[in-house]
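Chemist: Below are the structure tokens for one structure; questions will follow.
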Amino acid sequence: MTEEEGLTGPMADAIRRYGQAYEDAQSLHKATTRMNGQDRLKGSRKLLEPLEIAVLDMVGGRGFTVQDLAAKTGRSVESLTGLLISGATKLLRP
């Protein structure tokens, strides 16, 4: 979820960091980047519920908007936004 979609500050940063780890884990060019990304993603995913992981993967990692995801899944924008926010909140905890 991007700033124009209404999420800013630390939660938006947490989603961006998750997305960067997701992209790094998919890297084909550098093995160390891929392994580092996989480690960061694994640590983040330990904190999350499966549906939160799915939403963060699609929004943070693959670049879908919440509205796109709602259209593809048939779920409401509100429920997906709630999952995104709850996942981002968990990623902010020390």
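We name chains A, B, ... following the order of the structure tokens; residues begin at 1 in each chain, and ligands are numbered from 1 as shown.
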For Val66 in chain A, work out the shell of residues within 7 Å, counting only C-alpha atoms and skipping chain neighbours fewer than 2 positions away, then give it as an MDAnalysis selection string.

Modeler: chainID A and resid 1 59 64 68:70 77 80:81

Chemist: Write out, as a PDB file, in the first residue's frame, the residues just selected, with C-alpha atoms.

Modeler:
ATOM      1  CA  MET A   1       0.000   0.000   0.000  1.00  0.00           C
ATOM      2  CA  VAL A  59       0.973  -5.698  -1.977  1.00  0.00           C
ATOM      3  CA  PHE A  64      -0.582  -4.938  -6.327  1.00  0.00           C
ATOM      4  CA  ASP A  68      -6.507  -4.914  -7.298  1.00  0.00           C
ATOM      5  CA  LEU A  69      -6.202  -7.676  -4.748  1.00  0.00           C
ATOM      6  CA  ALA A  70      -9.835  -7.246  -3.677  1.00  0.00           C
ATOM      7  CA  VAL A  77     -11.039  -3.786   0.473  1.00  0.00           C
ATOM      8  CA  LEU A  80      -7.630  -6.773   3.084  1.00  0.00           C
ATOM      9  CA  THR A  81      -6.620  -3.359   4.418  1.00  0.00           C
TER      10      THR A  81
END

Chemist: Just the residues within 12 Å of Arg34 in chain A, please, counting only C-alpha atoms, with nothing from its chain fewer than 3 positions along; format it as number ranges by chain.

Modeler: A: 20-31, 37-41

Chemist: Those same residues, written as a compact mmCIF listing (two decimals), in the first residue's frame with C-alpha atoms?

Modeler:
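File written: out.txt
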# COMPACT_ATOMS: atom_id res chain seq x y z
CA GLN A 20 12.41 -5.28 -0.50
CA ALA A 21 13.14 -8.54 1.33
CA TYR A 22 10.60 -10.27 -0.96
CA GLU A 23 12.31 -8.87 -4.07
CA ASP A 24 15.78 -9.75 -2.77
CA ALA A 25 14.63 -13.31 -2.04
CA GLN A 26 13.61 -13.60 -5.71
CA SER A 27 16.95 -12.24 -6.97
CA LEU A 28 18.59 -14.30 -9.68
CA HIS A 29 21.73 -12.19 -10.02
CA LYS A 30 23.44 -12.37 -6.66
CA ALA A 31 23.33 -15.39 -4.40
CA GLY A 37 16.47 -11.59 1.46
CA GLN A 38 15.31 -15.11 2.24
CA ASP A 39 16.60 -14.80 5.81
CA ARG A 40 14.88 -11.44 6.33
CA LEU A 41 11.64 -12.72 4.81

Chemist: At what distance in Å, to one decimal, does CA of Ile53 in chain A lie from CA of Gly87 in chain A?

Modeler: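 Value for the CA of Gly87 in chain A-CA of Ile53 in chain A distance: 7.5 Å.
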
Chemist: Can you measure CA of Lys42 in chain A to CA of Tyr18 in chain A for me? One decimal in Å is fine.

Modeler: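 Those two atoms sit 10.4 Å apart.
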
Chemist: From a backbone DSSP assignment, name each residue in range 7-87 of chain A labelled helix (DSSP H, G or I), as a ChimeraX atom specification.

Modeler: /A:9-25,31-45,50-61,66-73,77-87

Chemist: Could you state the separation of CA of Arg75 in chain A and CA of Gly43 in chain A in Å, given to one decimal place?

Modeler: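 Going from CA of Arg75 in chain A over to CA of Gly43 in chain A covers 27.2 Å.
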
Chemist: I'd like the neighbourhood of range 12-16 of chain A as a PyMOL selection string, where a residue qualifies if any of its atoms comes within 9 Å (using only C-alpha atoms), though same-chain residues fewer than 4 positions away should be ignored.

Modeler: chain A and resi 1-3+7-8+20-21+56+59-61+84+87-89+91-92

Chemist: Pick the closest to Gly82 in chain A from A:Leu51, A:Gly9, A:Gly19, A:Thr33: which is it, counting only C-alpha atoms?

Modeler: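 The answer is A:Leu51, which sits nearest to Gly82 in chain A.
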
Chemist: Could you tell me which of A:Lys90, A:Arg17, A:Lys72, A:Gln67 comes closest to Glu52 in chain A if we count only C-alpha atoms?

Modeler: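 With only C-alpha atoms as the atom set, the closest residue is A:Lys90.
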